[in-house]
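The next block is coords_24.cif, given as mmCIF, C-alpha atoms.
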data_protein
#
loop_
_atom_site.label_atom_id
_atom_site.label_comp_id
_atom_site.auth_asym_id
_atom_site.auth_seq_id
_atom_site.Cartn_x
_atom_site.Cartn_y
_atom_site.Cartn_z
CA LYS A 26 17.87 155.89 -41.65
CA GLU A 27 19.73 158.36 -39.43
CA LYS A 28 21.43 159.94 -42.44
CA ILE A 29 18.14 160.25 -44.30
CA ASN A 30 16.54 161.87 -41.26
CA SER A 31 19.41 164.36 -40.90
CA TYR A 32 19.29 165.24 -44.61
CA TYR A 33 15.55 165.91 -44.52
CA HIS A 34 15.89 167.92 -41.32
CA CYS A 35 18.61 170.09 -42.87
CA ILE A 36 16.46 170.76 -45.93
CA LYS A 37 13.57 171.73 -43.66
CA LEU A 38 15.81 174.19 -41.81
CA LEU A 39 16.99 175.71 -45.10
CA ILE A 40 13.36 176.30 -46.12
CA ILE A 41 12.65 177.95 -42.77
CA ILE A 42 15.74 180.18 -43.06
CA ASP A 43 15.27 181.24 -46.70
CA GLU A 44 11.98 179.91 -48.03
CA ASP A 45 11.89 181.57 -51.46
CA ASP A 46 15.36 180.53 -52.59
CA ALA A 47 15.18 177.08 -51.03
CA VAL A 48 11.79 176.28 -52.55
CA ASP A 49 12.90 177.57 -55.95
CA GLN A 50 15.94 175.32 -55.93
CA LEU A 51 14.01 172.29 -54.64
CA SER A 52 11.26 172.81 -57.21
CA SER A 53 13.84 172.79 -60.00
CA ASN A 54 14.25 169.06 -59.30
CA GLU A 55 11.36 167.86 -61.43
CA ASP A 56 11.06 164.46 -59.81
CA LEU A 57 11.54 165.53 -56.19
CA GLN A 58 7.84 165.70 -55.38
CA ASP A 59 7.28 162.19 -56.75
CA ARG A 60 10.30 160.91 -54.81
CA LEU A 61 9.02 162.38 -51.54
CA ILE A 62 5.61 160.79 -52.10
CA ALA A 63 7.29 157.48 -52.92
CA TYR A 64 9.32 157.74 -49.70
CA ILE A 65 6.16 158.23 -47.60
CA LYS A 66 4.49 155.30 -49.36
CA SER A 67 7.43 152.99 -48.84
CA CYS A 68 7.94 153.62 -45.10
CA ASP A 69 6.07 152.34 -42.14
CA LYS A 70 4.38 155.36 -40.57
CA ASP A 71 6.41 154.92 -37.38
CA GLU A 72 9.67 155.15 -39.37
CA ILE A 73 8.90 158.11 -41.64
CA CYS A 74 11.06 161.17 -41.10
CA GLN A 75 8.20 163.56 -40.43
CA ASP A 76 10.16 166.56 -41.73
CA VAL A 77 9.46 165.22 -45.20
CA LEU A 78 5.87 166.44 -44.76
CA PHE A 79 7.06 170.01 -44.34
CA ILE A 80 9.31 169.75 -47.40
CA LEU A 81 6.60 168.17 -49.54
CA SER A 82 4.05 170.78 -48.47
CA SER A 83 6.50 173.57 -49.36
CA ILE A 84 6.86 172.41 -52.99
CA PHE A 85 3.51 170.66 -53.44
CA VAL A 86 1.75 171.25 -56.77
CA VAL A 87 -1.11 168.97 -57.77
CA ASP A 88 -2.64 168.22 -61.16
CA ASP A 89 -4.88 165.54 -62.62
CA LYS A 90 -1.91 163.45 -63.73
CA MET A 91 -0.99 162.92 -60.08
CA LYS A 92 -4.27 161.30 -59.02
CA SER A 93 -2.78 157.85 -59.39
CA LEU A 94 -0.16 158.71 -56.75
CA PHE A 95 -2.76 159.46 -54.11
CA THR A 96 -3.90 155.96 -53.29
CA LEU A 97 -6.18 155.21 -50.36
CA ASP A 98 -3.19 153.72 -48.54
CA PHE A 99 -1.16 156.90 -49.01
CA LEU A 100 -4.01 159.10 -47.80
CA THR A 101 -4.60 156.78 -44.86
CA THR A 102 -0.93 157.11 -43.90
CA LEU A 103 -1.24 160.90 -43.88
CA PHE A 104 -4.29 160.67 -41.62
CA ASP A 105 -2.53 158.11 -39.41
CA LEU A 106 0.35 160.53 -38.88
CA LEU A 107 -1.94 163.20 -37.46
CA ASN A 108 -1.91 161.68 -34.00
CA ILE A 109 1.82 160.91 -33.83
CA ILE A 110 3.42 164.06 -35.30
CA GLU A 111 5.06 166.13 -32.58
CA ASP A 112 6.36 169.12 -34.56
CA ASP A 113 3.67 171.76 -35.22
CA LEU A 114 5.05 172.72 -38.64
CA ASN A 115 5.00 169.09 -39.78
CA PHE A 116 1.52 168.69 -38.29
CA LYS A 117 0.09 171.60 -40.26
CA SER A 118 1.97 170.46 -43.38
CA ALA A 119 0.22 167.08 -43.38
CA VAL A 120 -3.15 168.83 -43.32
CA LYS A 121 -2.08 171.28 -46.05
CA ILE A 122 -1.16 168.35 -48.30
CA LEU A 123 -4.58 166.76 -47.73
CA ILE A 124 -6.30 170.08 -48.48
CA GLU A 125 -4.42 170.31 -51.79
CA ILE A 126 -5.30 166.73 -52.73
CA ASN A 127 -8.99 167.49 -52.16
CA THR A 128 -8.86 170.14 -54.92
CA LEU A 129 -8.12 167.46 -57.53
CA TYR A 130 -11.62 166.02 -57.49
CA ASP A 131 -14.70 167.50 -59.15
CA SER A 132 -17.03 164.85 -57.78
CA ILE A 133 -17.72 164.11 -54.13
CA ASP A 134 -18.30 160.46 -54.98
CA THR A 135 -14.86 159.94 -56.55
CA ASN A 136 -12.91 162.05 -54.04
CA SER A 137 -10.36 159.73 -52.43
CA PHE A 138 -9.56 162.24 -49.69
CA LEU A 139 -13.21 162.27 -48.62
CA LYS A 140 -13.39 158.48 -48.67
CA VAL A 141 -10.54 158.23 -46.16
CA TYR A 142 -11.81 161.17 -44.09
CA HIS A 143 -15.21 159.47 -43.78
CA ILE A 144 -13.82 156.39 -42.03
CA HIS A 145 -10.69 157.64 -40.29
CA PRO A 146 -10.66 158.31 -36.51
CA ASN A 147 -8.30 161.27 -37.00
CA ALA A 148 -10.89 163.20 -39.01
CA ARG A 149 -11.64 165.13 -35.82
CA VAL A 150 -7.98 166.16 -35.58
CA PHE A 151 -8.04 167.26 -39.22
CA ASN A 152 -11.04 169.52 -38.48
CA GLU A 153 -9.21 171.21 -35.62
CA ILE A 154 -6.12 171.92 -37.72
CA ILE A 155 -7.92 173.21 -40.80
CA ILE A 156 -9.76 175.72 -38.61
CA ARG A 157 -6.44 176.82 -37.12
CA LEU A 158 -5.01 177.21 -40.62
CA ILE A 159 -7.97 179.30 -41.75
CA ASN A 160 -7.43 181.59 -38.80
CA ILE A 161 -3.82 182.40 -39.73
CA GLU A 162 -4.16 182.36 -43.53
CA ASP A 163 -4.70 185.61 -45.44
CA THR A 164 -4.09 184.69 -49.07
CA LYS A 165 -7.03 184.23 -51.42
CA PRO A 166 -6.03 180.96 -53.19
CA LYS A 167 -5.19 179.13 -49.96
CA LEU A 168 -8.32 180.32 -48.16
CA ILE A 169 -10.51 179.20 -51.05
CA LYS A 170 -8.94 175.74 -50.96
CA MET A 171 -9.48 175.47 -47.20
CA PHE A 172 -13.13 176.49 -47.34
CA LEU A 173 -13.69 174.27 -50.39
CA CYS A 174 -12.29 171.37 -48.38
CA LEU A 175 -14.66 172.02 -45.47
CA SER A 176 -17.58 172.44 -47.85
CA ASN A 177 -16.81 169.12 -49.55
CA ILE A 178 -16.57 167.38 -46.19
CA PHE A 179 -19.99 168.68 -45.15
CA ASP A 180 -21.45 167.55 -48.50
CA LYS A 181 -19.94 164.09 -48.12
CA GLU A 182 -20.91 163.58 -44.47
CA LYS A 183 -24.36 165.17 -44.80
CA ASP A 184 -24.11 165.96 -41.11
CA ASN A 185 -22.46 168.35 -38.68
CA ILE A 186 -18.72 167.61 -38.48
CA LEU A 187 -17.73 170.09 -35.78
CA TYR A 188 -17.84 169.84 -32.00
CA SER A 189 -19.32 172.77 -30.10
CA THR A 190 -15.92 174.29 -29.30
CA ASP A 191 -14.89 174.01 -32.96
CA ILE A 192 -18.13 175.69 -34.02
CA GLU A 193 -17.51 178.63 -31.70
CA THR A 194 -13.93 179.02 -32.90
CA PHE A 195 -15.08 178.80 -36.51
CA ILE A 196 -17.77 181.44 -36.00
CA ASP A 197 -15.28 183.80 -34.35
CA ILE A 198 -12.90 183.41 -37.29
CA VAL A 199 -15.42 183.80 -40.13
CA LEU A 200 -17.05 186.87 -38.59
CA VAL A 201 -13.66 188.56 -38.80
CA LYS A 202 -12.89 187.21 -42.28
CA LEU A 203 -16.24 188.27 -43.73
CA GLN A 204 -15.83 191.84 -42.47
CA SER A 205 -12.29 192.20 -43.78
CA PHE A 206 -11.02 193.06 -47.24
CA TYR A 207 -11.60 189.65 -48.84
CA THR A 208 -12.97 189.50 -52.36
CA GLU A 209 -16.48 188.36 -53.16
CA GLU A 210 -15.10 185.06 -54.43
CA VAL A 211 -13.58 184.29 -51.03
CA LYS A 212 -16.73 185.53 -49.25
CA ALA A 213 -18.82 183.15 -51.37
CA PHE A 214 -16.74 180.15 -50.27
CA ILE A 215 -16.89 181.28 -46.63
CA ILE A 216 -20.66 181.80 -46.71
CA ASP A 217 -21.16 178.34 -48.26
CA VAL A 218 -19.51 176.76 -45.22
CA VAL A 219 -21.28 179.05 -42.74
CA GLU A 220 -24.57 177.97 -44.30
CA LYS A 221 -23.68 174.31 -43.74
CA VAL A 222 -22.57 174.88 -40.14
CA LEU A 223 -25.86 176.67 -39.37
CA LEU A 224 -27.91 173.99 -41.10
CA TYR A 225 -27.60 171.47 -38.27
CA PRO A 226 -29.14 171.57 -34.77
CA GLU A 227 -25.77 171.35 -32.97
CA TYR A 228 -25.21 175.05 -33.57
CA TYR A 229 -28.57 175.99 -32.04
CA LYS A 230 -27.79 174.35 -28.70
CA ASN A 231 -26.29 177.68 -27.67
CA SER A 232 -26.67 179.74 -30.89
CA TYR A 233 -23.21 181.23 -30.47
CA LYS A 234 -23.09 184.90 -31.61
CA LEU A 235 -26.32 184.41 -33.52
CA GLU A 236 -27.28 188.08 -33.29
CA GLU A 237 -23.95 189.15 -34.81
CA ILE A 238 -24.37 186.61 -37.60
CA GLU A 239 -27.90 187.81 -38.37
CA ASP A 240 -26.85 191.47 -38.38
CA LEU A 241 -23.94 190.79 -40.73
CA PHE A 242 -25.95 188.67 -43.16
CA GLU A 243 -28.88 191.08 -43.16
CA ASP A 244 -26.39 193.76 -44.20
CA PHE A 245 -25.03 191.49 -46.94
CA ALA A 246 -28.56 190.68 -48.14
CA SER A 247 -29.68 194.30 -48.41
CA ASN A 248 -26.43 196.05 -49.34
CA ASP A 249 -26.23 197.02 -53.01
CA THR A 250 -22.43 197.19 -52.79
CA GLN A 251 -22.41 193.39 -52.46
CA GLY A 252 -22.65 191.29 -55.60
CA GLU A 253 -25.87 189.48 -56.46
CA ALA A 254 -24.36 186.09 -55.57
CA ILE A 255 -23.39 187.28 -52.07
CA ARG A 256 -26.84 188.83 -51.48
CA THR A 257 -28.55 185.62 -52.59
CA LYS A 258 -26.35 183.42 -50.40
CA ALA A 259 -26.88 185.72 -47.41
CA LYS A 260 -30.66 185.55 -47.82
CA LYS A 261 -30.48 181.76 -47.91
CA VAL A 262 -28.47 181.67 -44.67
CA LEU A 263 -31.00 183.95 -42.97
CA GLU A 264 -33.85 181.75 -44.18
CA ASN A 265 -32.15 178.65 -42.82
CA ILE A 266 -31.65 180.36 -39.45
CA LYS A 267 -35.32 181.32 -39.36
CA ASN A 268 -36.41 177.78 -40.19
CA ASN A 269 -34.15 176.22 -37.57
CA LEU A 270 -35.28 178.61 -34.87
CA SER A 271 -38.91 177.83 -35.76
CA GLU A 272 -38.22 174.11 -35.38
CA GLU A 273 -36.48 174.73 -32.03
CA SER A 274 -39.51 176.56 -30.69
CA VAL A 275 -41.95 173.78 -31.63
#

Give the structure from the file, written as structure tokens.
Amino acid sequence: KEKINSYYHCIKLLIIIDEDDAVDQLSSNEDLQDRLIAYIKSCDKDEICQDVLFILSSIFVVDDKMKSLFTLDFLTTLFDLLNIIEDDLNFKSAVKILIEINTLYDSIDTNSFLKVYHIHPNARVFNEIIIRLINIEDTKPKLIKMFLCLSNIFDKEKDNILYSTDIETFIDIVLVKLQSFYTEEVKAFIIDVVEKVLLYPEYYKNSYKLEEIEDLFEDFASNDTQGEAIRTKAKKVLENIKNNLSEESV
């Protein structure tokens, strides 16, 4: 066990020191990803070398053929680890792996990630970390996957999933993201999640930065430089805000 832990830790350090070359060499081992998943499955969660999460996240590529690997037990183990991981890189890596797994499923009903999320007590921890990841991420593919994950969670839960502090942090982040250089595709994914956050009464307990949100979305809705899809989504968000405020005043 000690040797295995030291080997994994050395590989993690190599990735940190020279990510491109290390990941290229690791990825050339065609069965490495499967072996890392098998290692996590075979270990008790208290005995797993947590550095394996960082390594797996660094080389992780998912496709439909891998669905059979992501059993409910495996996903539960990843969620279990969220409240015992001490290293921040490993912590974020576990969430990144779960975000990738979510992309495999076209249907909410068959999504194994969502099934475990729905019942697991560490779902709250997952929410905190995915918001942190969104804040520091600036690449289109990864941002789309993160917002898709949040959108799927909202669709599955059919309820607000964020605490008030998480909502405020999320609003701060998306206001910056939506006014930056991101493509309309990314904006569409962001707006989908904003719409779902603003759909539930929890947000309207203090209506954090509501005026800024309304100003931005009114600009989106009326600005011809925005695509039709963005204008339509923005109008829907504004309509939802209006309806919720009307209900609050009754």

For the contact check between segment 36-74 of chain A and segment 87-100 of chain A, emit one row per residue of segment 36-74 of chain A within 9 Å, containing the shortest atom pair and the distance in Å rounded to one decimal, counting all atoms listed in the file, chain then rising number order, as CSV.
residue,atom,partner,partner_atom,distance
A:Asp59,CA,A:Leu94,CA,8.2
A:Ile62,CA,A:Leu94,CA,7.7
A:Ala63,CA,A:Leu94,CA,8.5
A:Ile65,CA,A:Phe99,CA,7.6
A:Lys66,CA,A:Phe99,CA,5.9

Next on the checklist: At a cut-off of 9 Å, using only C-alpha atoms, what residues contact segment 101-110 of chain A? Leave out same-chain residues fewer than 3 positions from it and give the result as a VMD selection string.
Outcome noted: chain A and resid 65 to 66 69 to 71 75 96 to 98 113 115 to 116 119 to 120 122 to 123 138 141 to 142 145 to 148 150 to 151

Taking the file as shown, find all residues satisfying the PyMOL selection byres ((chain A and resi 28-37) around 9) and write them as an mmCIF file with C-alpha atoms, keeping the file's coordinate frame.
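Written file, expr.cif:
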data_model
loop_
_atom_site.group_PDB
_atom_site.id
_atom_site.type_symbol
_atom_site.label_atom_id
_atom_site.label_comp_id
_atom_site.auth_asym_id
_atom_site.auth_seq_id
_atom_site.Cartn_x
_atom_site.Cartn_y
_atom_site.Cartn_z
ATOM 1 C CA LYS A 26 17.870 155.890 -41.650
ATOM 2 C CA GLU A 27 19.730 158.360 -39.430
ATOM 3 C CA LEU A 38 15.810 174.190 -41.810
ATOM 4 C CA LEU A 39 16.990 175.710 -45.100
ATOM 5 C CA ILE A 40 13.360 176.300 -46.120
ATOM 6 C CA ILE A 41 12.650 177.950 -42.770
ATOM 7 C CA ILE A 42 15.740 180.180 -43.060
ATOM 8 C CA ALA A 47 15.180 177.080 -51.030
ATOM 9 C CA ILE A 73 8.900 158.110 -41.640
ATOM 10 C CA CYS A 74 11.060 161.170 -41.100
ATOM 11 C CA GLN A 75 8.200 163.560 -40.430
ATOM 12 C CA ASP A 76 10.160 166.560 -41.730
ATOM 13 C CA VAL A 77 9.460 165.220 -45.200
ATOM 14 C CA PHE A 79 7.060 170.010 -44.340
ATOM 15 C CA ILE A 80 9.310 169.750 -47.400
#

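Picture a line from atom CA of Ile155 of chain A to atom CA of Asp45 of chain A; it runs 24.0 Å.
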
Checklist entry - Mind pulling up the distance from atom CA of Glu210 of chain A to atom CA of Asn136 of chain A? => result 23.1 Å

May I have the residues at most 12 Å from (-30.0, 186.5, -50.6) in the file's coordinates, counting all atoms listed in the file, as a PDB file with C-alpha atoms, keeping the file's coordinate frame?
ATOM      1  CA  ALA A 213     -18.820 183.150 -51.370  1.00  0.00           C
ATOM      2  CA  ILE A 216     -20.660 181.800 -46.710  1.00  0.00           C
ATOM      3  CA  GLU A 220     -24.570 177.970 -44.300  1.00  0.00           C
ATOM      4  CA  PHE A 242     -25.950 188.670 -43.160  1.00  0.00           C
ATOM      5  CA  GLU A 243     -28.880 191.080 -43.160  1.00  0.00           C
ATOM      6  CA  ASP A 244     -26.390 193.760 -44.200  1.00  0.00           C
ATOM      7  CA  PHE A 245     -25.030 191.490 -46.940  1.00  0.00           C
ATOM      8  CA  ALA A 246     -28.560 190.680 -48.140  1.00  0.00           C
ATOM      9  CA  SER A 247     -29.680 194.300 -48.410  1.00  0.00           C
ATOM     10  CA  ASN A 248     -26.430 196.050 -49.340  1.00  0.00           C
ATOM     11  CA  ASP A 249     -26.230 197.020 -53.010  1.00  0.00           C
ATOM     12  CA  GLN A 251     -22.410 193.390 -52.460  1.00  0.00           C
ATOM     13  CA  GLY A 252     -22.650 191.290 -55.600  1.00  0.00           C
ATOM     14  CA  GLU A 253     -25.870 189.480 -56.460  1.00  0.00           C
ATOM     15  CA  ALA A 254     -24.360 186.090 -55.570  1.00  0.00           C
ATOM     16  CA  ILE A 255     -23.390 187.280 -52.070  1.00  0.00           C
ATOM     17  CA  ARG A 256     -26.840 188.830 -51.480  1.00  0.00           C
ATOM     18  CA  THR A 257     -28.550 185.620 -52.590  1.00  0.00           C
ATOM     19  CA  LYS A 258     -26.350 183.420 -50.400  1.00  0.00           C
ATOM     20  CA  ALA A 259     -26.880 185.720 -47.410  1.00  0.00           C
ATOM     21  CA  LYS A 260     -30.660 185.550 -47.820  1.00  0.00           C
ATOM     22  CA  LYS A 261     -30.480 181.760 -47.910  1.00  0.00           C
ATOM     23  CA  VAL A 262     -28.470 181.670 -44.670  1.00  0.00           C
ATOM     24  CA  LEU A 263     -31.000 183.950 -42.970  1.00  0.00           C
ATOM     25  CA  GLU A 264     -33.850 181.750 -44.180  1.00  0.00           C
ATOM     26  CA  ASN A 265     -32.150 178.650 -42.820  1.00  0.00           C
TER      27      ASN A 265
END

Next on the checklist: With the PyMOL selection byres ((chain A and resi 159-166) around 12) as the selection, what would be picked from this file? Answer as a ChimeraX atom specification, please.
Outcome noted: /A:117,120-121,124-125,128,152-158,167-175,194-203,205-215

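Residue nearest Ile186 of chain A, chosen from A:Leu57, A:Ile266, A:Val48, A:Val222 and counting only C-alpha atoms: A:Val222.
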
Item to check | Proximity to Asp240 of chain A - best of A:Glu111, A:Ser132, A:Gln204, A:Asn269, all atoms listed in the file | outcome: A:Gln204

Item to check | Coordinates-based distance that separates atom CA of Arg149 of chain A from atom CA of Ile238 of chain A (Å, one decimal) | outcome: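 So the answer is 25.0 Å.
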
Centre and edges of the segment 228-240 of chain A box, axis-aligned, 3 Å extra per side, as JSON:
{"center_x": -25.8, "center_y": 182.9, "center_z": -33.0, "size_x": 11.5, "size_y": 23.1, "size_z": 16.7}

Checklist entry - Pick the closest to Lys234 of chain A from A:Asp180, A:Glu193, A:Asp217, A:Asp46: which is it, counting only C-alpha atoms? => result A:Glu193
